[in-house]
>>> print(open('query.txt').read())   # compact mmCIF, C-alpha atoms
# COMPACT_ATOMS: atom_id res chain seq x y z
CA MET A 1 4.55 38.98 -15.10
CA GLU A 2 4.09 35.29 -15.75
CA GLY A 3 2.53 36.31 -19.07
CA LYS A 4 5.67 38.20 -20.01
CA VAL A 5 7.92 35.29 -19.04
CA LEU A 6 5.81 32.98 -21.18
CA ASN A 7 5.89 35.37 -24.13
CA GLU A 8 9.66 35.54 -23.99
CA ASN A 9 9.69 31.78 -23.86
CA GLU A 10 7.42 31.55 -26.92
CA LYS A 11 9.86 33.69 -28.86
CA ALA A 12 12.87 31.59 -27.90
CA ALA A 13 10.92 28.38 -28.59
CA ALA A 14 9.93 29.58 -32.05
CA GLU A 15 13.58 30.27 -32.84
CA LEU A 16 14.54 26.82 -31.62
CA ARG A 17 11.78 25.19 -33.65
CA GLU A 18 12.96 26.97 -36.77
CA GLU A 19 16.53 25.89 -36.16
CA PHE A 20 15.52 22.28 -35.50
CA ALA A 21 13.53 22.29 -38.74
CA ARG A 22 16.40 23.80 -40.73
CA HIS A 23 18.72 21.03 -39.59
CA GLY A 24 16.12 18.29 -39.72
CA VAL A 25 16.35 17.47 -36.02
CA PHE A 26 13.32 15.67 -34.61
CA VAL A 27 12.84 16.80 -31.02
CA VAL A 28 10.65 15.34 -28.30
CA ASN A 29 10.05 16.75 -24.82
CA LEU A 30 9.48 14.09 -22.14
CA ILE A 31 7.35 15.17 -19.20
CA GLY A 32 6.26 13.21 -16.14
CA SER A 33 6.33 13.01 -12.34
CA PRO A 34 9.56 12.53 -10.44
CA GLY A 35 10.36 8.83 -10.61
CA CYS A 36 7.95 7.97 -13.43
CA GLY A 37 10.81 6.46 -15.42
CA LYS A 38 11.89 9.13 -17.88
CA THR A 39 15.60 8.44 -17.54
CA ALA A 40 15.11 4.67 -17.51
CA LEU A 41 13.10 4.82 -20.75
CA LEU A 42 15.81 6.92 -22.37
CA GLU A 43 18.49 4.51 -21.18
CA LYS A 44 16.62 1.58 -22.72
CA THR A 45 16.10 3.60 -25.89
CA LEU A 46 19.74 4.61 -26.30
CA GLU A 47 20.81 1.04 -25.54
CA SER A 48 18.74 -0.13 -28.49
CA TYR A 49 20.35 2.27 -30.93
CA ASP A 50 23.22 1.44 -33.21
CA ALA A 51 26.33 3.60 -32.68
CA SER A 52 25.71 5.24 -36.06
CA ARG A 53 22.45 6.84 -34.85
CA ARG A 54 22.69 10.62 -34.77
CA VAL A 55 20.95 11.08 -31.46
CA ALA A 56 21.53 13.27 -28.39
CA VAL A 57 19.93 13.97 -25.04
CA LEU A 58 19.40 17.01 -22.84
CA THR A 59 18.24 16.15 -19.35
CA GLY A 60 16.84 18.62 -16.83
CA ASP A 61 16.99 18.47 -13.06
CA ILE A 62 16.86 20.97 -10.25
CA GLN A 63 20.11 19.67 -8.80
CA THR A 64 22.72 16.99 -9.67
CA ASP A 65 24.03 15.84 -13.02
CA ALA A 66 23.37 12.20 -12.20
CA ASP A 67 21.08 11.73 -15.19
CA ALA A 68 23.53 13.06 -17.77
CA GLU A 69 26.05 10.67 -16.29
CA ARG A 70 23.61 7.74 -16.58
CA LEU A 71 22.67 8.70 -20.12
CA GLY A 72 26.21 9.46 -21.22
CA LYS A 73 27.21 5.82 -20.91
CA TYR A 74 25.64 4.85 -24.23
CA GLY A 75 28.10 6.74 -26.40
CA PHE A 76 25.74 9.48 -27.55
CA PRO A 77 26.06 13.15 -26.55
CA ALA A 78 24.22 13.82 -23.28
CA ARG A 79 24.17 17.08 -21.43
CA GLN A 80 22.64 18.06 -18.09
CA ILE A 81 20.59 21.22 -17.58
CA THR A 82 20.55 22.08 -13.88
CA THR A 83 17.75 24.54 -13.23
CA ALA A 84 18.94 25.54 -9.74
CA GLY A 85 15.45 25.64 -8.28
CA ALA A 86 13.25 26.16 -11.32
CA CYS A 87 10.52 23.54 -11.61
CA HIS A 88 10.64 23.26 -15.41
CA LEU A 89 12.90 23.73 -18.41
CA ASP A 90 12.42 26.79 -20.56
CA ALA A 91 13.47 27.45 -24.15
CA ARG A 92 16.41 29.66 -23.20
CA MET A 93 17.89 26.94 -21.02
CA VAL A 94 17.65 24.58 -24.00
CA LYS A 95 19.28 27.13 -26.32
CA LYS A 96 22.13 27.60 -23.90
CA ALA A 97 22.62 23.87 -23.43
CA LEU A 98 22.83 23.35 -27.19
CA GLU A 99 25.75 25.75 -27.54
CA GLY A 100 28.70 24.06 -29.19
CA TRP A 101 26.66 21.19 -30.61
CA ASP A 102 26.40 21.03 -34.39
CA LEU A 103 22.71 20.44 -35.01
CA ALA A 104 23.47 19.47 -38.60
CA LYS A 105 24.97 16.29 -37.19
CA LEU A 106 21.83 15.32 -35.28
CA ASP A 107 18.62 13.62 -36.38
CA LEU A 108 16.95 13.07 -33.04
CA LEU A 109 17.08 15.02 -29.79
CA PHE A 110 15.45 13.87 -26.57
CA ILE A 111 14.74 16.53 -23.97
CA GLU A 112 14.00 15.08 -20.54
CA ASN A 113 12.19 17.70 -18.52
CA VAL A 114 12.33 18.26 -14.74
CA GLY A 115 10.17 15.70 -12.91
CA ASN A 116 6.91 17.59 -12.61
CA LEU A 117 3.51 16.95 -14.11
CA VAL A 118 2.41 20.57 -13.92
CA CYS A 119 4.82 23.40 -14.66
CA PRO A 120 6.74 22.02 -17.68
CA THR A 121 3.40 21.85 -19.52
CA SER A 122 3.36 25.62 -20.07
CA TYR A 123 6.86 25.96 -21.53
CA ASP A 124 7.30 25.26 -25.22
CA LEU A 125 10.86 24.10 -25.93
CA GLY A 126 10.54 24.09 -29.70
CA GLU A 127 9.87 20.35 -29.70
CA ALA A 128 7.87 18.53 -32.37
CA HIS A 129 5.98 16.58 -29.71
CA LYS A 130 5.41 16.55 -25.99
CA ILE A 131 5.31 13.06 -24.51
CA VAL A 132 3.74 12.41 -21.13
CA LEU A 133 4.88 9.47 -19.03
CA LEU A 134 2.52 7.89 -16.52
CA SER A 135 3.77 5.01 -14.41
CA VAL A 136 1.38 2.29 -13.28
CA THR A 137 2.34 3.01 -9.67
CA GLU A 138 0.78 6.48 -9.86
CA GLY A 139 -2.96 5.84 -10.12
CA GLU A 140 -5.41 5.85 -13.03
CA GLU A 141 -6.93 9.24 -12.24
CA LYS A 142 -3.82 11.28 -13.04
CA PRO A 143 -5.04 12.42 -16.50
CA LEU A 144 -8.14 13.91 -14.86
CA LYS A 145 -6.18 15.58 -12.07
CA TYR A 146 -3.44 16.96 -14.34
CA PRO A 147 -5.35 17.51 -17.57
CA GLY A 148 -2.99 20.14 -19.01
CA ILE A 149 -0.17 17.85 -19.97
CA PHE A 150 -2.42 15.05 -21.20
CA TYR A 151 -4.19 17.55 -23.42
CA LYS A 152 -0.94 18.84 -24.88
CA ALA A 153 0.94 15.56 -25.26
CA SER A 154 0.86 13.66 -28.55
CA LEU A 155 1.76 10.41 -26.83
CA MET A 156 1.20 8.90 -23.41
CA ALA A 157 3.82 6.32 -22.47
CA MET A 158 2.46 4.13 -19.69
CA THR A 159 5.62 3.04 -17.90
CA LYS A 160 6.60 0.26 -15.45
CA VAL A 161 3.95 -2.13 -16.82
CA ASP A 162 6.00 -4.99 -15.35
CA LEU A 163 4.60 -3.87 -11.98
CA LEU A 164 0.95 -4.22 -13.06
CA PRO A 165 0.51 -7.52 -11.17
CA TYR A 166 1.51 -5.87 -7.90
CA VAL A 167 -0.45 -2.63 -7.99
CA PRO A 168 -4.20 -1.87 -8.07
CA PHE A 169 -3.74 0.22 -11.25
CA LYS A 170 -6.16 -0.56 -14.10
CA ALA A 171 -4.46 0.27 -17.38
CA TYR A 172 -7.69 0.52 -19.38
CA VAL A 173 -9.14 3.03 -16.90
CA ALA A 174 -6.04 5.22 -17.12
CA GLU A 175 -6.21 5.07 -20.91
CA ALA A 176 -9.91 5.95 -20.93
CA ASN A 177 -9.17 8.89 -18.62
CA ALA A 178 -6.39 10.11 -20.91
CA ARG A 179 -8.72 9.87 -23.93
CA GLN A 180 -11.44 11.72 -22.05
CA ILE A 181 -9.05 14.68 -21.79
CA HIS A 182 -7.50 14.22 -25.23
CA PRO A 183 -9.35 11.87 -27.60
CA GLY A 184 -6.52 11.84 -30.14
CA ILE A 185 -3.71 10.97 -27.73
CA GLU A 186 -1.63 7.97 -28.79
CA ILE A 187 -0.66 5.45 -26.14
CA VAL A 188 2.13 2.93 -25.69
CA ARG A 189 2.65 0.60 -22.73
CA VAL A 190 6.27 -0.01 -21.85
CA SER A 191 8.59 -1.47 -19.25
CA SER A 192 12.18 -0.33 -19.25
CA THR A 193 12.98 -3.20 -16.89
CA THR A 194 11.70 -6.06 -19.04
CA GLY A 195 11.71 -4.34 -22.43
CA THR A 196 7.98 -4.99 -22.92
CA GLY A 197 6.48 -2.59 -25.43
CA MET A 198 9.75 -1.08 -26.54
CA GLU A 199 9.00 -1.84 -30.19
CA GLY A 200 5.82 0.26 -29.95
CA TRP A 201 7.68 3.17 -28.42
CA LEU A 202 10.60 2.99 -30.83
CA GLY A 203 8.22 2.58 -33.75
CA TRP A 204 6.26 5.65 -32.73
CA LEU A 205 9.46 7.69 -32.66
CA GLU A 206 10.54 6.43 -36.10
CA GLU A 207 7.18 7.14 -37.64
CA LYS A 208 6.90 10.64 -36.25
CA ALA A 209 10.51 11.47 -36.99
CA GLU A 210 10.02 10.33 -40.56
CA SER A 211 7.02 12.55 -41.18
CA SER A 212 8.96 15.34 -39.49
CA TYR A 213 11.92 14.89 -41.85
CA GLN A 214 9.54 15.22 -44.77
CA GLY A 215 9.17 18.82 -43.73
CA THR A 216 5.94 18.46 -41.83
CA ALA A 217 7.44 19.14 -38.41
CA LEU A 218 6.33 22.74 -38.55
CA ALA A 219 2.84 21.66 -39.58
CA VAL A 220 2.32 19.67 -36.38
CA PRO A 221 -0.60 21.46 -34.78
CA LYS A 222 0.50 23.34 -31.68
CA ARG A 223 -1.89 22.66 -28.85
CA MET B 1 6.99 39.63 -8.35
CA GLU B 2 7.42 36.10 -7.06
CA GLY B 3 8.97 37.66 -3.97
CA LYS B 4 5.83 39.72 -3.41
CA VAL B 5 3.57 36.70 -3.83
CA LEU B 6 5.67 34.80 -1.32
CA ASN B 7 5.61 37.69 1.16
CA GLU B 8 1.84 37.85 0.98
CA ASN B 9 1.80 34.13 1.52
CA GLU B 10 4.05 34.44 4.58
CA LYS B 11 1.61 36.93 6.08
CA ALA B 12 -1.41 34.70 5.52
CA ALA B 13 0.53 31.67 6.77
CA ALA B 14 1.53 33.48 9.98
CA GLU B 15 -2.12 34.31 10.61
CA LEU B 16 -3.10 30.70 10.03
CA ARG B 17 -0.35 29.45 12.33
CA GLU B 18 -1.53 31.77 15.09
CA GLU B 19 -5.10 30.62 14.66
CA PHE B 20 -4.11 26.94 14.68
CA ALA B 21 -2.13 27.54 17.89
CA ARG B 22 -4.99 29.40 19.55
CA HIS B 23 -7.32 26.48 18.92
CA GLY B 24 -4.73 23.80 19.55
CA VAL B 25 -4.96 22.34 16.05
CA PHE B 26 -1.94 20.29 15.00
CA VAL B 27 -1.44 20.74 11.26
CA VAL B 28 0.73 18.78 8.85
CA ASN B 29 1.34 19.53 5.19
CA LEU B 30 1.89 16.43 3.03
CA ILE B 31 4.03 16.95 -0.05
CA GLY B 32 5.09 14.45 -2.70
CA SER B 33 5.03 13.56 -6.38
CA PRO B 34 1.80 12.77 -8.18
CA GLY B 35 0.97 9.18 -7.34
CA CYS B 36 3.37 8.81 -4.40
CA GLY B 37 0.51 7.69 -2.19
CA LYS B 38 -0.54 10.80 -0.26
CA THR B 39 -4.26 10.08 -0.46
CA ALA B 40 -3.79 6.36 0.19
CA LEU B 41 -1.78 7.07 3.35
CA LEU B 42 -4.47 9.47 4.56
CA GLU B 43 -7.18 6.89 3.84
CA LYS B 44 -5.33 4.28 5.88
CA THR B 45 -4.78 6.84 8.64
CA LEU B 46 -8.43 7.93 8.85
CA GLU B 47 -9.52 4.31 8.74
CA SER B 48 -7.46 3.66 11.87
CA TYR B 49 -9.06 6.49 13.84
CA ASP B 50 -11.95 6.13 16.23
CA ALA B 51 -15.05 8.18 15.30
CA SER B 52 -14.42 10.41 18.32
CA ARG B 53 -11.15 11.72 16.85
CA ARG B 54 -11.37 15.42 16.06
CA VAL B 55 -9.61 15.25 12.72
CA ALA B 56 -10.18 16.84 9.31
CA VAL B 57 -8.56 16.90 5.88
CA LEU B 58 -8.01 19.48 3.17
CA THR B 59 -6.86 18.02 -0.12
CA GLY B 60 -5.46 19.96 -3.03
CA ASP B 61 -5.60 19.14 -6.71
CA ILE B 62 -5.44 21.08 -9.92
CA GLN B 63 -8.68 19.55 -11.11
CA THR B 64 -11.33 17.12 -9.78
CA ASP B 65 -12.66 16.59 -6.28
CA ALA B 66 -12.01 12.86 -6.42
CA ASP B 67 -9.71 12.92 -3.38
CA ALA B 68 -12.16 14.72 -1.07
CA GLU B 69 -14.70 12.12 -2.12
CA ARG B 70 -12.29 9.27 -1.29
CA LEU B 71 -11.33 10.85 2.03
CA GLY B 72 -14.88 11.83 2.97
CA LYS B 73 -15.88 8.18 3.34
CA TYR B 74 -14.32 7.84 6.77
CA GLY B 75 -16.79 10.10 8.58
CA PHE B 76 -14.40 13.01 9.17
CA PRO B 77 -14.70 16.42 7.52
CA ALA B 78 -12.85 16.48 4.18
CA ARG B 79 -12.78 19.35 1.76
CA GLN B 80 -11.24 19.70 -1.69
CA ILE B 81 -9.19 22.69 -2.78
CA THR B 82 -9.13 22.87 -6.56
CA THR B 83 -6.32 25.14 -7.64
CA ALA B 84 -7.49 25.50 -11.25
CA GLY B 85 -4.02 25.30 -12.71
CA ALA B 86 -1.80 26.35 -9.80
CA CYS B 87 0.92 23.82 -9.06
CA HIS B 88 0.80 24.22 -5.26
CA LEU B 89 -1.47 25.25 -2.40
CA ASP B 90 -0.97 28.65 -0.83
CA ALA B 91 -2.03 29.95 2.57
CA ARG B 92 -4.93 31.96 1.23
CA MET B 93 -6.43 28.90 -0.42
CA VAL B 94 -6.21 27.14 2.93
CA LYS B 95 -7.85 30.07 4.74
CA LYS B 96 -10.67 30.10 2.29
CA ALA B 97 -11.19 26.36 2.50
CA LEU B 98 -11.41 26.54 6.29
CA GLU B 99 -14.32 29.00 6.19
CA GLY B 100 -17.28 27.67 8.12
CA TRP B 101 -15.24 25.09 10.04
CA ASP B 102 -15.00 25.62 13.80
CA LEU B 103 -11.30 25.11 14.51
CA ALA B 104 -12.06 24.82 18.23
CA LYS B 105 -13.61 21.46 17.41
CA LEU B 106 -10.46 20.13 15.71
CA ASP B 107 -7.27 18.64 17.11
CA LEU B 108 -5.59 17.47 13.92
CA LEU B 109 -5.70 18.79 10.37
CA PHE B 110 -4.08 17.06 7.41
CA ILE B 111 -3.35 19.19 4.37
CA GLU B 112 -2.63 17.15 1.27
CA ASN B 113 -0.79 19.34 -1.19
CA VAL B 114 -0.93 19.21 -5.00
CA GLY B 115 1.19 16.35 -6.33
CA ASN B 116 4.48 18.13 -6.98
CA LEU B 117 7.88 17.75 -5.37
CA VAL B 118 9.00 21.26 -6.21
CA CYS B 119 6.62 24.21 -6.00
CA PRO B 120 4.68 23.40 -2.78
CA THR B 121 8.01 23.55 -0.95
CA SER B 122 8.10 27.35 -1.09
CA TYR B 123 4.60 27.97 0.28
CA ASP B 124 4.15 27.94 4.04
CA LEU B 125 0.57 26.96 4.93
CA GLY B 126 0.89 27.65 8.66
CA GLU B 127 1.55 23.96 9.35
CA ALA B 128 3.54 22.64 12.29
CA HIS B 129 5.42 20.23 10.02
CA LYS B 130 5.98 19.53 6.37
CA ILE B 131 6.07 15.83 5.56
CA VAL B 132 7.61 14.57 2.34
CA LEU B 133 6.46 11.30 0.80
CA LEU B 134 8.82 9.28 -1.37
CA SER B 135 7.56 6.06 -2.91
CA VAL B 136 9.92 3.16 -3.52
CA THR B 137 8.96 3.22 -7.21
CA GLU B 138 10.54 6.66 -7.65
CA GLY B 139 14.29 6.03 -7.26
CA GLU B 140 16.72 6.57 -4.40
CA GLU B 141 18.28 9.73 -5.81
CA LYS B 142 15.19 11.92 -5.39
CA PRO B 143 16.41 13.66 -2.19
CA LEU B 144 19.52 14.81 -4.08
CA LYS B 145 17.56 15.94 -7.12
CA TYR B 146 14.85 17.74 -5.14
CA PRO B 147 16.75 18.87 -2.04
CA GLY B 148 14.42 21.73 -1.13
CA ILE B 149 11.57 19.67 0.22
CA PHE B 150 13.81 17.11 1.94
CA TYR B 151 15.60 19.98 3.67
CA LYS B 152 12.35 21.52 4.89
CA ALA B 153 10.43 18.38 5.84
CA SER B 154 10.51 17.10 9.43
CA LEU B 155 9.59 13.61 8.31
CA MET B 156 10.13 11.50 5.22
CA ALA B 157 7.50 8.82 4.76
CA MET B 158 8.85 6.15 2.44
CA THR B 159 5.68 4.77 0.87
CA LYS B 160 4.71 1.60 -1.03
CA VAL B 161 7.32 -0.51 0.75
CA ASP B 162 5.26 -3.59 -0.17
CA LEU B 163 6.67 -3.10 -3.68
CA LEU B 164 10.32 -3.27 -2.56
CA PRO B 165 10.75 -6.87 -3.78
CA TYR B 166 9.73 -5.85 -7.31
CA VAL B 167 11.74 -2.65 -7.81
CA PRO B 168 15.48 -1.92 -7.88
CA PHE B 169 15.03 0.73 -5.13
CA LYS B 170 17.44 0.46 -2.19
CA ALA B 171 15.75 1.88 0.89
CA TYR B 172 18.97 2.47 2.81
CA VAL B 173 20.44 4.47 -0.08
CA ALA B 174 17.35 6.68 -0.26
CA GLU B 175 17.53 7.24 3.49
CA ALA B 176 21.23 8.08 3.37
CA ASN B 177 20.51 10.54 0.55
CA ALA B 178 17.74 12.19 2.58
CA ARG B 179 20.05 12.49 5.59
CA GLN B 180 22.80 13.93 3.40
CA ILE B 181 20.43 16.82 2.62
CA HIS B 182 18.89 17.02 6.09
CA PRO B 183 20.72 15.11 8.84
CA GLY B 184 17.86 15.55 11.34
CA ILE B 185 15.07 14.26 9.11
CA GLU B 186 12.97 11.52 10.70
CA ILE B 187 11.97 8.59 8.54
CA VAL B 188 9.15 6.04 8.54
CA ARG B 189 8.65 3.22 6.06
CA VAL B 190 5.01 2.48 5.30
CA SER B 191 2.69 0.58 3.02
CA SER B 192 -0.89 1.74 2.80
CA THR B 193 -1.70 -1.50 1.00
CA THR B 194 -0.46 -3.95 3.63
CA GLY B 195 -0.46 -1.65 6.67
CA THR B 196 3.26 -2.22 7.28
CA GLY B 197 4.80 0.58 9.32
CA MET B 198 1.53 2.32 10.12
CA GLU B 199 2.28 2.23 13.85
CA GLY B 200 5.47 4.21 13.24
CA TRP B 201 3.63 6.81 11.21
CA LEU B 202 0.68 7.11 13.60
CA GLY B 203 3.06 7.22 16.56
CA TRP B 204 5.06 10.04 15.00
CA LEU B 205 1.86 12.05 14.55
CA GLU B 206 0.76 11.44 18.18
CA GLU B 207 4.13 12.39 19.57
CA LYS B 208 4.46 15.58 17.55
CA ALA B 209 0.84 16.56 18.14
CA GLU B 210 1.31 16.10 21.86
CA SER B 211 4.32 18.39 22.06
CA SER B 212 2.40 20.81 19.86
CA TYR B 213 -0.58 20.81 22.26
CA GLN B 214 1.80 21.68 25.06
CA GLY B 215 2.22 25.01 23.38
CA THR B 216 5.44 24.25 21.58
CA ALA B 217 3.93 24.33 18.11
CA LEU B 218 5.06 27.89 17.58
CA ALA B 219 8.52 27.00 18.80
CA VAL B 220 9.03 24.47 16.02
CA PRO B 221 11.94 25.96 14.11
CA LYS B 222 10.85 27.20 10.70
CA ARG B 223 13.22 25.96 8.07
>>> encode(input="query.txt", output="structure tokens")
Amino acid sequence: MEGKVLNENEKAAAELREEFARHGVFVVNLIGSPGCGKTALLEKTLESYDASRRVAVLTGDIQTDADAERLGKYGFPARQITTAGACHLDARMVKKALEGWDLAKLDLLFIENVGNLVCPTSYDLGEAHKIVLLSVTEGEEKPLKYPGIFYKASLMAMTKVDLLPYVPFKAYVAEANARQIHPGIEIVRVSSTTGTGMEGWLGWLEEKAESSYQGTALAVPKR
Amino acid sequence: MEGKVLNENEKAAAELREEFARHGVFVVNLIGSPGCGKTALLEKTLESYDASRRVAVLTGDIQTDADAERLGKYGFPARQITTAGACHLDARMVKKALEGWDLAKLDLLFIENVGNLVCPTSYDLGEAHKIVLLSVTEGEEKPLKYPGIFYKASLMAMTKVDLLPYVPFKAYVAEANARQIHPGIEIVRVSSTTGTGMEGWLGWLEEKAESSYQGTALAVPKR
């Protein structure tokens, strides 16, 4: 049964991926625990963008449209997906949420998944890259305990690094753990509060989006 | 299909609950995001207990037995449940993990669920109470975004309160949000790092365990 659900999702995700490629939209899927700072990182990101940027956001939650409201303040299209109980986004929810948006007018789409380090991992949304967020308040061992998402993510964004002086978290241990699961994973350290590391994060996005626009998005190995 | 899985779980959970009652074991099921401080709170709790306490711990994770190792250091029985991909514990996993333990020799059993604010909510483990942990690094709006667990939990433990000076989190807002979802929810504020609030947490456990030992455990309304 779960197999069938996943197969249907694969089909919808493949259609999305094709459509994103046709319109040259670079799409990233942000995954992390509740409260790891997904929305805050997106706020800081949108804040940094010039009004001419062709960017949009879909944000998933079980209940409330608080995040779409937060993210809508920056002048870019932002839409909430409320899953009404489901612990992850799936490709059909994304398709439905995109209705009425002209993808030809977009270059970059952020999808903020439901706060959950487990279930969203299994659902392809047609994105070019999965990005896993790990906040320094969560503990260094998370990549070992939740290997699935660290294996599948292209980038690990270590968030809330401004809190490093106040928590026992050792950043280098967390990074070593992530690389033990996925040797090729890229890593940025950021704080949405202080802005530390934002240039690394924004640079990563630019670089990957650029290679995606050159038609290589579909060549990104699916893990 | 999910309905069937849940029904089977209800059956196993009812059997567990009966067995816990027969042996007078008070059981709590700790649920919270990855990194919210479940294991740290249990460490601090076990540390505070005299060696004569008849207490044990089951701890769930998708991978690794790191938590059972951490929790085993305090001289009380501690066993890991590795779910191998599943995003929650279910009653059958708990039954299996209890094999070989003489419940007659236990008064208190902590079950630490997989780090996930969503899926564990639906799986009864035969516990007397669900306890939800919310760390002050996660954001005050979590009860509104993840109402299921806040509705079902008897107690909300607000963790990492030592970090309150360094985060924008407003404790009273989070508490108001939790009570909006579940007016009767009890709340403790704790820090496993500094020990702040531990007496409130330990006192809650004693009080509830005591009424449970008086045969009222089965009368606890199931939500």
>>> interface_residues(input="query.txt", of="chain B", to="chain A", cutoff="7 Å", atoms="all atoms listed in the file", output="PyMOL selection string")
chain B and resi 33-36+61-64+87+116+118-119+137-139+144-146
>>> axis_aligned_box(input="query.txt", around="range 53-72 of chain B", padding_each_side="6 Å", output="lines of an AutoDock Vina configuration file")
center_x = -10.2
center_y = 15.2
center_z = 2.9
size_x = 21.4
size_y = 23.8
size_z = 40.0
>>> closest_residue(input="query.txt", among="B:Tyr49, B:Tyr172, B:Trp201, B:Tyr123", to="Ala13 in chain B", atoms="all atoms listed in the file")
B:Tyr123
>>> residues_near_point(input="query.txt", point="(13.7, 9.0, -41.3)", cutoff="12 Å", atoms="all atoms listed in the file", output="number ranges by chain")
A: 24-26, 53-54, 106-108, 203-215
>>> atom_distance(input="query.txt", atom1="CA of His182 in chain B", atom2="CA of Asp124 in chain B")
18.5 Å
>>> closest_residue(input="query.txt", among="A:Leu125, A:Met93, A:Ala171, A:Ile81", to="Glu10 in chain A", atoms="all atoms listed in the file")
A:Leu125
>>> closest_residue(input="query.txt", among="B:Gly126, B:Ala40, B:Val188, B:Gln180", to="Met156 in chain B", atoms="all atoms listed in the file")
B:Val188
>>> atom_distance(input="query.txt", atom1="CA of Arg17 in chain B", atom2="CA of Glu43 in chain B")
25.1 Å
>>> atom_distance(input="query.txt", atom1="CA of Thr196 in chain A", atom2="CA of Ala178 in chain A")
20.9 Å
>>> residues_around(input="query.txt", residues="Ala56 in chain B", least_positions_apart="3", cutoff="7 Å", atoms="all atoms listed in the file", output="list of chain:residue names")
B:Phe76, B:Pro77, B:Ala78, B:Leu108, B:Leu109, B:Phe110
>>> residues_around(input="query.txt", residues="Leu41 in chain A", least_positions_apart="3", cutoff="8 Å", atoms="only C-alpha atoms", output="number ranges by chain")
A: 37-38, 44-45, 191-192
>>> closest_residue(input="query.txt", among="B:Val28, B:Val132, B:Lys152, B:Val57", to="Glu69 in chain B", atoms="only C-alpha atoms")
B:Val57
>>> residues_near_point(input="query.txt", point="(6.4, 6.9, -20.7)", cutoff="6 Å", atoms="all atoms listed in the file", output="list in words")
Leu133, Leu134, Ala157, Met158 and Thr159 of chain A
